[in-house]
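S.K.: Quick one: structure below, then a few questions.
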Amino acid sequence: MGIEKLVVTLDNPVYQPGQVLSGHISFTINKAIDSDGVFIKVSGKAETQWKERHYNRNNRNRSGHVGGHRHGHHGNHGNHQRQAQTLVYHSKEVYIKEKWAVFTPPNGKIEPDNYNFPFTFQLPVNLPGSFNGAHGKIEYHVKGHVHRSGLCLATKQKLPFTLAPIRDLNKTPEKQEPVTQKREKKFGMLFWKRKPVVATVKLNKQGFVYGESVMISAEIDNKSGVNMAHTRVSLWKTVTFSADEKRAKIGVMNPTQTTVYGSRTCTGAIAKTRLDGVAKGNKVELPAACLEVPIDTPASTMEHCNLIDVAYTIQFEAVPSGLHRLFKFVMIIPIDIGSVPFKDVSINATE
């Protein structure tokens, strides 16, 4: 073969936009080979894809069936048939695609020896962070390869690296302020609705980084005649995947290529806790709740990416007892997740 132990290494596994990516490519040649050179390629892209099943209803005249009319049916009555098709939504954005030679043999031949070549690459400033979701991802790789002349295949290795975005909460200082939301809901049917349940929910601030805790306080004034069995607070993540292309259709006789815009949303609670209930006619200030932002939580809003977006909300629920539990009381408060926390104003003031 001639090439042994091709290894690509990076000095760091995680980088930020605007930093210099650096590493080495090393390999051993045990037999001289013809080569155009040793190359490094850095790539970064976002890609979304999902499938949707659709049904079209077609009309067919029953008189067109072989063998004449069916028993008991005369005339031109329509026969509706459902025709299925699977639509594949797909889009891709490319952020980096750079390739360069770190070594070019002067005579087109690499002699037997151990080789090690350093490389560096200036990462652009406007890059979205790495992300992996149900219907899309943002990924970055560095690939090293020794290109063989003639019909021989190149020897290569591909290595992923993580790009951690810089989302500085200090650029939105207003989100350091507490936020209070008040809402009421009536339970009952039409004109027989009871007095409302009034909830006041307060967050200690509106911007957080992973590892921080969201402090939530709530007051419930249950003026209704319905007991609130329990309450709960949760941190929800909503990811929206977008695609601007419908590229395949399966199950249709003569597929045609058309372009449409589609989106797919995935949402779920990433932290939650259950609180006390509130009996009818009571006014209660619930114990303060604390929700910690998980360590692996990506920042809000995928800046510089048009295909994937991330948003976070705090959701407060009051769940009534009995048949009314199907009509739970929900309040939603948007928050922001960043990577750089707010500066401690009290410390700066004493310096």
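Within each chain, counting starts at residue 1; across the structure tokens, chains are named A, B, ... in the order shown, with ligands numbered 1 upward in that order.
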Compile a residue-level contact table for range 131-216 of chain A against range 272-294 of chain A at a cut-off of 7 Å, reporting for every qualifying residue the shortest atom pair and its distance in Å to one decimal, with only C-alpha atoms counted, rows ordered by chain and ascending number, as a Markdown table.
M.R.:
```
| residue | atom | partner | partner_atom | distance |
| --- | --- | --- | --- | --- |
| A:Tyr210 | CA | A:Val293 | CA | 4.9 |
| A:Gly211 | CA | A:Val293 | CA | 5.2 |
| A:Glu212 | CA | A:Glu292 | CA | 5.7 |
| A:Ser213 | CA | A:Glu292 | CA | 4.1 |
| A:Val214 | CA | A:Leu291 | CA | 5.1 |
| A:Met215 | CA | A:Cys290 | CA | 4.8 |
| A:Ile216 | CA | A:Ala289 | CA | 5.1 |
```
S.K.: Would you write out those residues with N, CA, C and O atoms, as a PDB file, in the first residue's frame?
M.R.:
```pdb
ATOM      1  N   TYR A 210     -26.304  28.105  30.101  1.00  0.00           N
ATOM      2  CA  TYR A 210     -26.443  26.738  30.609  1.00  0.00           C
ATOM      3  C   TYR A 210     -25.728  26.617  31.963  1.00  0.00           C
ATOM      4  O   TYR A 210     -24.703  27.216  32.220  1.00  0.00           O
ATOM      5  N   GLY A 211     -26.351  25.845  32.845  1.00  0.00           N
ATOM      6  CA  GLY A 211     -25.846  25.702  34.200  1.00  0.00           C
ATOM      7  C   GLY A 211     -26.496  26.655  35.187  1.00  0.00           C
ATOM      8  O   GLY A 211     -26.470  26.415  36.395  1.00  0.00           O
ATOM      9  N   GLU A 212     -27.089  27.752  34.687  1.00  0.00           N
ATOM     10  CA  GLU A 212     -27.801  28.684  35.555  1.00  0.00           C
ATOM     11  C   GLU A 212     -29.195  28.154  35.862  1.00  0.00           C
ATOM     12  O   GLU A 212     -29.709  27.279  35.173  1.00  0.00           O
ATOM     13  N   SER A 213     -29.816  28.748  36.889  1.00  0.00           N
ATOM     14  CA  SER A 213     -31.153  28.335  37.284  1.00  0.00           C
ATOM     15  C   SER A 213     -32.163  29.450  37.028  1.00  0.00           C
ATOM     16  O   SER A 213     -31.873  30.623  37.287  1.00  0.00           O
ATOM     17  N   VAL A 214     -33.309  29.062  36.514  1.00  0.00           N
ATOM     18  CA  VAL A 214     -34.432  29.974  36.347  1.00  0.00           C
ATOM     19  C   VAL A 214     -35.248  29.928  37.636  1.00  0.00           C
ATOM     20  O   VAL A 214     -35.746  28.862  38.018  1.00  0.00           O
ATOM     21  N   MET A 215     -35.373  31.066  38.318  1.00  0.00           N
ATOM     22  CA  MET A 215     -36.139  31.137  39.556  1.00  0.00           C
ATOM     23  C   MET A 215     -37.546  31.621  39.240  1.00  0.00           C
ATOM     24  O   MET A 215     -37.737  32.676  38.629  1.00  0.00           O
ATOM     25  N   ILE A 216     -38.534  30.839  39.654  1.00  0.00           N
ATOM     26  CA  ILE A 216     -39.929  31.101  39.295  1.00  0.00           C
ATOM     27  C   ILE A 216     -40.768  31.193  40.569  1.00  0.00           C
ATOM     28  O   ILE A 216     -40.725  30.290  41.413  1.00  0.00           O
TER      29      ILE A 216
END
```
S.K.: Please provide as a ChimeraX atom specification all residues within 9 Å of Met331 in chain A, with the sequence filter that same-chain residues fewer than 3 positions apart are discarded (counting only C-alpha atoms).
M.R.: /A:181-183,199,201,314-318
S.K.: Residues as selected, N, CA, C and O atoms, written as a PDB file, in the first residue's frame, can you do that?
M.R.:
```pdb
ATOM      1  N   GLN A 181     -45.913  38.022  34.531  1.00  0.00           N
ATOM      2  CA  GLN A 181     -47.050  37.823  33.629  1.00  0.00           C
ATOM      3  C   GLN A 181     -48.267  37.414  34.450  1.00  0.00           C
ATOM      4  O   GLN A 181     -48.169  36.592  35.371  1.00  0.00           O
ATOM      5  N   LYS A 182     -49.413  38.000  34.110  1.00  0.00           N
ATOM      6  CA  LYS A 182     -50.656  37.717  34.813  1.00  0.00           C
ATOM      7  C   LYS A 182     -51.712  37.286  33.813  1.00  0.00           C
ATOM      8  O   LYS A 182     -51.843  37.875  32.742  1.00  0.00           O
ATOM      9  N   ARG A 183     -52.469  36.253  34.192  1.00  0.00           N
ATOM     10  CA  ARG A 183     -53.496  35.744  33.284  1.00  0.00           C
ATOM     11  C   ARG A 183     -54.606  35.098  34.096  1.00  0.00           C
ATOM     12  O   ARG A 183     -54.375  34.626  35.221  1.00  0.00           O
ATOM     13  N   ALA A 199     -53.686  33.762  37.824  1.00  0.00           N
ATOM     14  CA  ALA A 199     -52.309  33.371  38.129  1.00  0.00           C
ATOM     15  C   ALA A 199     -51.366  34.522  37.808  1.00  0.00           C
ATOM     16  O   ALA A 199     -51.480  35.158  36.757  1.00  0.00           O
ATOM     17  N   VAL A 201     -47.264  35.034  37.584  1.00  0.00           N
ATOM     18  CA  VAL A 201     -45.997  34.295  37.547  1.00  0.00           C
ATOM     19  C   VAL A 201     -44.860  35.283  37.314  1.00  0.00           C
ATOM     20  O   VAL A 201     -44.956  36.167  36.449  1.00  0.00           O
ATOM     21  N   ILE A 314     -40.626  29.353  29.318  1.00  0.00           N
ATOM     22  CA  ILE A 314     -41.025  28.799  30.603  1.00  0.00           C
ATOM     23  C   ILE A 314     -42.536  28.621  30.558  1.00  0.00           C
ATOM     24  O   ILE A 314     -43.265  29.547  30.206  1.00  0.00           O
ATOM     25  N   GLN A 315     -42.992  27.440  30.891  1.00  0.00           N
ATOM     26  CA  GLN A 315     -44.419  27.135  30.847  1.00  0.00           C
ATOM     27  C   GLN A 315     -44.925  26.839  32.259  1.00  0.00           C
ATOM     28  O   GLN A 315     -44.383  25.982  32.958  1.00  0.00           O
ATOM     29  N   PHE A 316     -45.950  27.585  32.671  1.00  0.00           N
ATOM     30  CA  PHE A 316     -46.603  27.354  33.961  1.00  0.00           C
ATOM     31  C   PHE A 316     -47.972  26.755  33.704  1.00  0.00           C
ATOM     32  O   PHE A 316     -48.736  27.256  32.870  1.00  0.00           O
ATOM     33  N   GLU A 317     -48.295  25.673  34.419  1.00  0.00           N
ATOM     34  CA  GLU A 317     -49.571  24.990  34.235  1.00  0.00           C
ATOM     35  C   GLU A 317     -50.275  24.815  35.571  1.00  0.00           C
ATOM     36  O   GLU A 317     -49.648  24.459  36.578  1.00  0.00           O
ATOM     37  N   ALA A 318     -51.565  25.052  35.564  1.00  0.00           N
ATOM     38  CA  ALA A 318     -52.432  24.704  36.684  1.00  0.00           C
ATOM     39  C   ALA A 318     -53.426  23.672  36.171  1.00  0.00           C
ATOM     40  O   ALA A 318     -54.208  23.958  35.259  1.00  0.00           O
TER      41      ALA A 318
END
```
S.K.: From a backbone DSSP assignment, name each residue in range 91-134 of chain A labelled strand (DSSP E), as a PyMOL selection string.
M.R.: chain A and resi 91-103+109-110+113-122+131-132
S.K.: To one decimal in Å, tell me the separation between CA of Leu203 in chain A and CA of Ala271 in chain A.
M.R.: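 So the answer is 15.3 Å.
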S.K.: Applying 10 Å and only C-alpha atoms, which residues near Gly338 in chain A remain after dropping the ones on its own chain fewer than 2 positions away? List them as a ChimeraX atom specification.
M.R.: /A:165-170,207-210,297-301,336,340-342
S.K.: Those same residues - all heavy atoms - I'd like them written as a short mmCIF file (atom, residue, chain, number, x, y, z; two decimals), in the first residue's frame.
M.R.:
```cif
data_model
loop_
_atom_site.label_atom_id
_atom_site.label_comp_id
_atom_site.auth_asym_id
_atom_site.auth_seq_id
_atom_site.Cartn_x
_atom_site.Cartn_y
_atom_site.Cartn_z
N PRO A 165 -20.94 28.70 19.50
CA PRO A 165 -21.23 30.08 19.14
C PRO A 165 -21.06 31.02 20.34
O PRO A 165 -21.17 30.60 21.49
CB PRO A 165 -22.70 30.03 18.70
CG PRO A 165 -23.27 28.88 19.48
CD PRO A 165 -22.16 27.88 19.60
N ILE A 166 -20.81 32.27 20.04
CA ILE A 166 -20.72 33.29 21.08
C ILE A 166 -22.03 34.07 21.07
O ILE A 166 -22.30 34.84 20.15
CB ILE A 166 -19.53 34.25 20.83
CG1 ILE A 166 -18.22 33.45 20.74
CG2 ILE A 166 -19.44 35.30 21.93
CD1 ILE A 166 -17.03 34.29 20.33
N ARG A 167 -22.85 33.86 22.08
CA ARG A 167 -24.10 34.61 22.22
C ARG A 167 -24.04 35.34 23.55
O ARG A 167 -24.29 34.75 24.62
CB ARG A 167 -25.31 33.69 22.14
CG ARG A 167 -26.63 34.46 22.17
CD ARG A 167 -27.79 33.58 21.78
NE ARG A 167 -29.07 34.24 21.89
CZ ARG A 167 -29.56 35.12 21.01
NH1 ARG A 167 -28.85 35.41 19.93
NH2 ARG A 167 -30.72 35.70 21.21
N ASP A 168 -23.68 36.60 23.49
CA ASP A 168 -23.42 37.41 24.67
C ASP A 168 -24.72 38.04 25.16
O ASP A 168 -25.32 38.89 24.48
CB ASP A 168 -22.39 38.50 24.34
CG ASP A 168 -21.89 39.22 25.57
OD1 ASP A 168 -22.44 39.02 26.67
OD2 ASP A 168 -20.92 40.00 25.44
N LEU A 169 -25.16 37.64 26.36
CA LEU A 169 -26.39 38.20 26.92
C LEU A 169 -26.26 39.68 27.25
O LEU A 169 -27.28 40.39 27.35
CB LEU A 169 -26.79 37.42 28.18
CG LEU A 169 -27.22 35.97 27.96
CD1 LEU A 169 -27.52 35.32 29.31
CD2 LEU A 169 -28.43 35.87 27.05
N ASN A 170 -25.03 40.17 27.41
CA ASN A 170 -24.84 41.58 27.74
C ASN A 170 -25.24 42.51 26.60
O ASN A 170 -25.38 43.72 26.80
CB ASN A 170 -23.38 41.83 28.13
CG ASN A 170 -23.01 41.11 29.42
OD1 ASN A 170 -23.37 41.52 30.51
ND2 ASN A 170 -22.29 40.00 29.28
N GLY A 207 -32.84 36.20 30.67
CA GLY A 207 -31.69 35.67 29.93
C GLY A 207 -30.85 34.79 30.83
O GLY A 207 -30.55 35.15 31.98
N PHE A 208 -30.43 33.63 30.31
CA PHE A 208 -29.69 32.65 31.11
C PHE A 208 -28.62 31.99 30.25
O PHE A 208 -28.69 32.03 29.01
CB PHE A 208 -30.64 31.57 31.66
CG PHE A 208 -31.78 32.12 32.47
CD1 PHE A 208 -32.96 32.52 31.83
CD2 PHE A 208 -31.69 32.26 33.83
CE1 PHE A 208 -34.02 33.03 32.57
CE2 PHE A 208 -32.74 32.77 34.58
CZ PHE A 208 -33.91 33.16 33.94
N VAL A 209 -27.65 31.38 30.91
CA VAL A 209 -26.68 30.51 30.23
C VAL A 209 -26.83 29.11 30.82
O VAL A 209 -27.42 28.94 31.90
CB VAL A 209 -25.23 31.01 30.40
CG1 VAL A 209 -25.06 32.38 29.75
CG2 VAL A 209 -24.82 31.06 31.88
N TYR A 210 -26.30 28.10 30.10
CA TYR A 210 -26.44 26.74 30.61
C TYR A 210 -25.73 26.62 31.96
O TYR A 210 -24.70 27.22 32.22
CB TYR A 210 -25.91 25.72 29.61
CG TYR A 210 -24.47 25.90 29.20
CD1 TYR A 210 -23.44 25.43 30.01
CD2 TYR A 210 -24.14 26.51 27.99
CE1 TYR A 210 -22.12 25.57 29.64
CE2 TYR A 210 -22.82 26.65 27.61
CZ TYR A 210 -21.81 26.18 28.44
OH TYR A 210 -20.50 26.33 28.06
N THR A 297 -27.40 22.51 26.58
CA THR A 297 -28.44 23.29 25.92
C THR A 297 -27.84 24.27 24.90
O THR A 297 -27.03 25.12 25.28
CB THR A 297 -29.27 24.08 26.96
OG1 THR A 297 -29.83 23.16 27.89
CG2 THR A 297 -30.37 24.87 26.29
N PRO A 298 -28.21 24.20 23.63
CA PRO A 298 -27.70 25.16 22.65
C PRO A 298 -28.31 26.53 22.86
O PRO A 298 -29.39 26.67 23.44
CB PRO A 298 -28.11 24.57 21.30
CG PRO A 298 -29.28 23.70 21.62
CD PRO A 298 -29.07 23.17 23.01
N ALA A 299 -27.62 27.56 22.41
CA ALA A 299 -28.10 28.92 22.57
C ALA A 299 -29.35 29.17 21.74
O ALA A 299 -29.62 28.48 20.75
CB ALA A 299 -27.00 29.91 22.16
N SER A 300 -30.13 30.15 22.16
CA SER A 300 -31.32 30.54 21.40
C SER A 300 -30.92 31.13 20.06
O SER A 300 -29.85 31.73 19.92
CB SER A 300 -32.12 31.61 22.17
OG SER A 300 -32.44 31.19 23.46
N THR A 301 -31.79 30.98 19.09
CA THR A 301 -31.66 31.61 17.78
C THR A 301 -30.34 31.24 17.11
O THR A 301 -29.29 31.74 17.46
CB THR A 301 -31.76 33.14 17.88
OG1 THR A 301 -32.91 33.50 18.62
CG2 THR A 301 -31.83 33.76 16.49
N ASP A 336 -34.40 33.71 26.95
CA ASP A 336 -33.27 33.65 26.03
C ASP A 336 -32.16 32.84 26.69
O ASP A 336 -31.88 33.01 27.88
CB ASP A 336 -32.79 35.06 25.71
CG ASP A 336 -31.88 35.10 24.50
OD1 ASP A 336 -31.82 34.09 23.77
OD2 ASP A 336 -31.21 36.13 24.28
N VAL A 340 -22.62 33.62 26.99
CA VAL A 340 -21.86 34.56 27.84
C VAL A 340 -22.84 35.17 28.83
O VAL A 340 -23.80 35.82 28.43
CB VAL A 340 -21.18 35.66 27.01
CG1 VAL A 340 -20.42 36.62 27.91
CG2 VAL A 340 -20.24 35.03 25.97
N PRO A 341 -22.63 34.97 30.14
CA PRO A 341 -23.59 35.46 31.14
C PRO A 341 -23.51 36.97 31.31
O PRO A 341 -22.57 37.63 30.89
CB PRO A 341 -23.16 34.73 32.41
CG PRO A 341 -21.70 34.49 32.23
CD PRO A 341 -21.50 34.25 30.75
N PHE A 342 -24.54 37.51 31.98
CA PHE A 342 -24.54 38.92 32.32
C PHE A 342 -23.38 39.22 33.27
O PHE A 342 -23.04 38.40 34.14
CB PHE A 342 -25.86 39.30 33.00
CG PHE A 342 -27.05 39.25 32.10
CD1 PHE A 342 -28.05 38.30 32.30
CD2 PHE A 342 -27.19 40.14 31.04
CE1 PHE A 342 -29.15 38.24 31.47
CE2 PHE A 342 -28.29 40.10 30.21
CZ PHE A 342 -29.28 39.14 30.42
#
```
S.K.: Excluding same-chain residues fewer than 6 positions from Lys328 in chain A, what lies within 10 Å of it counting only C-alpha atoms, as JSON, numbers by chain?
M.R.: {"A": [185, 187, 228, 231, 317, 318, 319, 320, 321]}
S.K.: Kindly export the residues of the current selection with all heavy atoms, as an mmCIF file, in the first residue's frame.
M.R.:
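The result, stored in result.cif:
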```cif
data_model
loop_
_atom_site.group_PDB
_atom_site.id
_atom_site.type_symbol
_atom_site.label_atom_id
_atom_site.label_comp_id
_atom_site.auth_asym_id
_atom_site.auth_seq_id
_atom_site.Cartn_x
_atom_site.Cartn_y
_atom_site.Cartn_z
ATOM 1 N N LYS A 185 -58.328 32.479 33.788
ATOM 2 C CA LYS A 185 -59.073 31.519 32.968
ATOM 3 C C LYS A 185 -60.321 31.092 33.724
ATOM 4 O O LYS A 185 -60.279 30.874 34.942
ATOM 5 C CB LYS A 185 -58.209 30.284 32.658
ATOM 6 C CG LYS A 185 -58.909 29.227 31.811
ATOM 7 C CD LYS A 185 -58.000 28.052 31.554
ATOM 8 C CE LYS A 185 -58.700 26.955 30.752
ATOM 9 N NZ LYS A 185 -59.021 27.373 29.376
ATOM 10 N N PHE A 187 -63.527 28.334 34.048
ATOM 11 C CA PHE A 187 -63.885 26.948 33.762
ATOM 12 C C PHE A 187 -65.405 26.812 33.774
ATOM 13 O O PHE A 187 -66.092 27.426 34.589
ATOM 14 C CB PHE A 187 -63.286 26.002 34.808
ATOM 15 C CG PHE A 187 -61.790 25.961 34.776
ATOM 16 C CD1 PHE A 187 -61.044 26.805 35.579
ATOM 17 C CD2 PHE A 187 -61.127 25.097 33.928
ATOM 18 C CE1 PHE A 187 -59.666 26.778 35.555
ATOM 19 C CE2 PHE A 187 -59.747 25.058 33.893
ATOM 20 C CZ PHE A 187 -59.009 25.908 34.702
ATOM 21 N N MET A 228 -57.658 23.081 41.835
ATOM 22 C CA MET A 228 -56.474 22.860 41.012
ATOM 23 C C MET A 228 -55.700 21.710 41.653
ATOM 24 O O MET A 228 -55.132 21.861 42.747
ATOM 25 C CB MET A 228 -55.611 24.120 40.946
ATOM 26 C CG MET A 228 -56.293 25.312 40.283
ATOM 27 S SD MET A 228 -56.690 25.048 38.537
ATOM 28 C CE MET A 228 -58.493 24.970 38.638
ATOM 29 N N THR A 231 -49.921 22.045 40.256
ATOM 30 C CA THR A 231 -49.332 22.986 39.310
ATOM 31 C C THR A 231 -47.942 22.484 38.954
ATOM 32 O O THR A 231 -47.359 21.671 39.677
ATOM 33 C CB THR A 231 -49.239 24.409 39.905
ATOM 34 O OG1 THR A 231 -48.490 24.346 41.125
ATOM 35 C CG2 THR A 231 -50.624 24.987 40.184
ATOM 36 N N GLU A 317 -48.295 25.673 34.419
ATOM 37 C CA GLU A 317 -49.571 24.990 34.235
ATOM 38 C C GLU A 317 -50.275 24.815 35.571
ATOM 39 O O GLU A 317 -49.648 24.459 36.578
ATOM 40 C CB GLU A 317 -49.361 23.606 33.618
ATOM 41 C CG GLU A 317 -48.709 23.613 32.255
ATOM 42 C CD GLU A 317 -48.400 22.207 31.794
ATOM 43 O OE1 GLU A 317 -49.351 21.465 31.482
ATOM 44 O OE2 GLU A 317 -47.220 21.846 31.764
ATOM 45 N N ALA A 318 -51.565 25.052 35.564
ATOM 46 C CA ALA A 318 -52.432 24.704 36.684
ATOM 47 C C ALA A 318 -53.426 23.672 36.171
ATOM 48 O O ALA A 318 -54.208 23.958 35.259
ATOM 49 C CB ALA A 318 -53.149 25.936 37.222
ATOM 50 N N VAL A 319 -53.365 22.480 36.742
ATOM 51 C CA VAL A 319 -54.166 21.363 36.235
ATOM 52 C C VAL A 319 -55.366 21.159 37.148
ATOM 53 O O VAL A 319 -55.207 20.786 38.324
ATOM 54 C CB VAL A 319 -53.323 20.077 36.166
ATOM 55 C CG1 VAL A 319 -54.160 18.930 35.590
ATOM 56 C CG2 VAL A 319 -52.076 20.302 35.315
ATOM 57 N N PRO A 320 -56.591 21.392 36.654
ATOM 58 C CA PRO A 320 -57.787 21.209 37.487
ATOM 59 C C PRO A 320 -58.111 19.743 37.710
ATOM 60 O O PRO A 320 -57.643 18.860 36.979
ATOM 61 C CB PRO A 320 -58.885 21.910 36.682
ATOM 62 C CG PRO A 320 -58.398 21.864 35.276
ATOM 63 C CD PRO A 320 -56.903 21.905 35.323
ATOM 64 N N SER A 321 -58.907 19.490 38.714
ATOM 65 C CA SER A 321 -59.309 18.120 39.024
ATOM 66 C C SER A 321 -60.571 17.742 38.244
ATOM 67 O O SER A 321 -61.244 18.592 37.661
ATOM 68 C CB SER A 321 -59.563 17.980 40.523
ATOM 69 O OG SER A 321 -60.580 18.887 40.930
#
```
S.K.: Can you list every residue of range 115-166 of chain A that has an atom at most 6 Å from range 21-34 of chain A, with its nearest atom pair and the distance in Å to one decimal, using only C-alpha atoms, ordered by chain then number, as CSV?
M.R.:
```
residue,atom,partner,partner_atom,distance
A:Tyr115,CA,A:Ser26,CA,5.4
A:Asn116,CA,A:Ser26,CA,4.2
A:Phe117,CA,A:Ile25,CA,5.4
A:Pro118,CA,A:His24,CA,4.3
A:Phe119,CA,A:Gly23,CA,5.5
A:Thr120,CA,A:Ser22,CA,4.3
A:Phe121,CA,A:Leu21,CA,5.0
A:Arg148,CA,A:Asp34,CA,6.0
A:Ser149,CA,A:Asp34,CA,5.4
```
S.K.: Based on DSSP run over this structure's backbone, return all residues of range 157-307 of chain A in helix (DSSP H, G or I), as a PyMOL selection string.
M.R.: chain A and resi 169-171+173-176+190-192
S.K.: Which one of A:Ile332, A:Ala134, A:Ile337, A:Ile295 sits closest to Ile308 in chain A if you count only C-alpha atoms?
M.R.: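 Closest to Ile308 in chain A, using only C-alpha atoms: A:Ala134.
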S.K.: Nearest to Ala229 in chain A: which of A:Gly129, A:Pro13, A:Glu52, A:Phe329 is it, counting only C-alpha atoms?
M.R.: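 Going through A:Gly129, A:Pro13, A:Glu52, A:Phe329 one by one, the smallest distance to Ala229 in chain A is for A:Phe329.
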S.K.: Do a neighbour search on Thr265 in chain A at 12 Å with only C-alpha atoms, toss out local chain neighbours closer than 6 positions, and write the hits as an mmCIF file with C-alpha atoms, in the first residue's frame.
M.R.:
```cif
data_model
loop_
_atom_site.group_PDB
_atom_site.id
_atom_site.type_symbol
_atom_site.label_atom_id
_atom_site.label_comp_id
_atom_site.auth_asym_id
_atom_site.auth_seq_id
_atom_site.Cartn_x
_atom_site.Cartn_y
_atom_site.Cartn_z
ATOM 1 C CA THR A 48 -32.373 19.551 6.999
ATOM 2 C CA TRP A 50 -37.779 14.969 6.599
ATOM 3 C CA GLY A 133 -31.563 17.536 15.933
ATOM 4 C CA ALA A 134 -34.333 15.221 14.820
ATOM 5 C CA HIS A 135 -34.634 16.668 11.299
ATOM 6 C CA GLY A 136 -31.414 18.586 10.780
ATOM 7 C CA LYS A 237 -37.183 23.915 23.853
ATOM 8 C CA THR A 238 -38.723 24.439 20.411
ATOM 9 C CA VAL A 239 -36.668 23.669 17.304
ATOM 10 C CA THR A 240 -37.955 24.695 13.878
ATOM 11 C CA PHE A 241 -36.462 23.045 10.784
ATOM 12 C CA SER A 242 -37.028 24.696 7.398
ATOM 13 C CA ALA A 243 -36.610 23.431 3.861
ATOM 14 C CA LEU A 307 -32.601 26.351 8.147
ATOM 15 C CA ILE A 308 -32.694 25.746 11.920
ATOM 16 C CA ASP A 309 -33.993 27.944 14.723
ATOM 17 C CA VAL A 310 -34.129 27.316 18.480
ATOM 18 C CA ALA A 311 -36.372 29.052 21.018
#
```
S.K.: What is the distance between CA of Ala164 in chain A and CA of Ala46 in chain A, in Å to one decimal?
M.R.: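 About the pair CA of Ala164 in chain A and CA of Ala46 in chain A: they are 14.6 Å apart.
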S.K.: In Å to one decimal, how far is CA of Ser339 in chain A from CA of Asn306 in chain A?
M.R.: 20.2 Å
S.K.: Which residue gives the smallest distance to Val94 in chain A among A:His230, A:Arg194, A:His145, A:His304, with only C-alpha atoms counted?
M.R.: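 Of all the options, A:His304 lies closest to Val94 in chain A.
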S.K.: For Val7 in chain A, which residue out of A:Val146, A:Val226, A:Ile110, A:Ala84 is the nearest one, using only C-alpha atoms?
M.R.: A:Val146
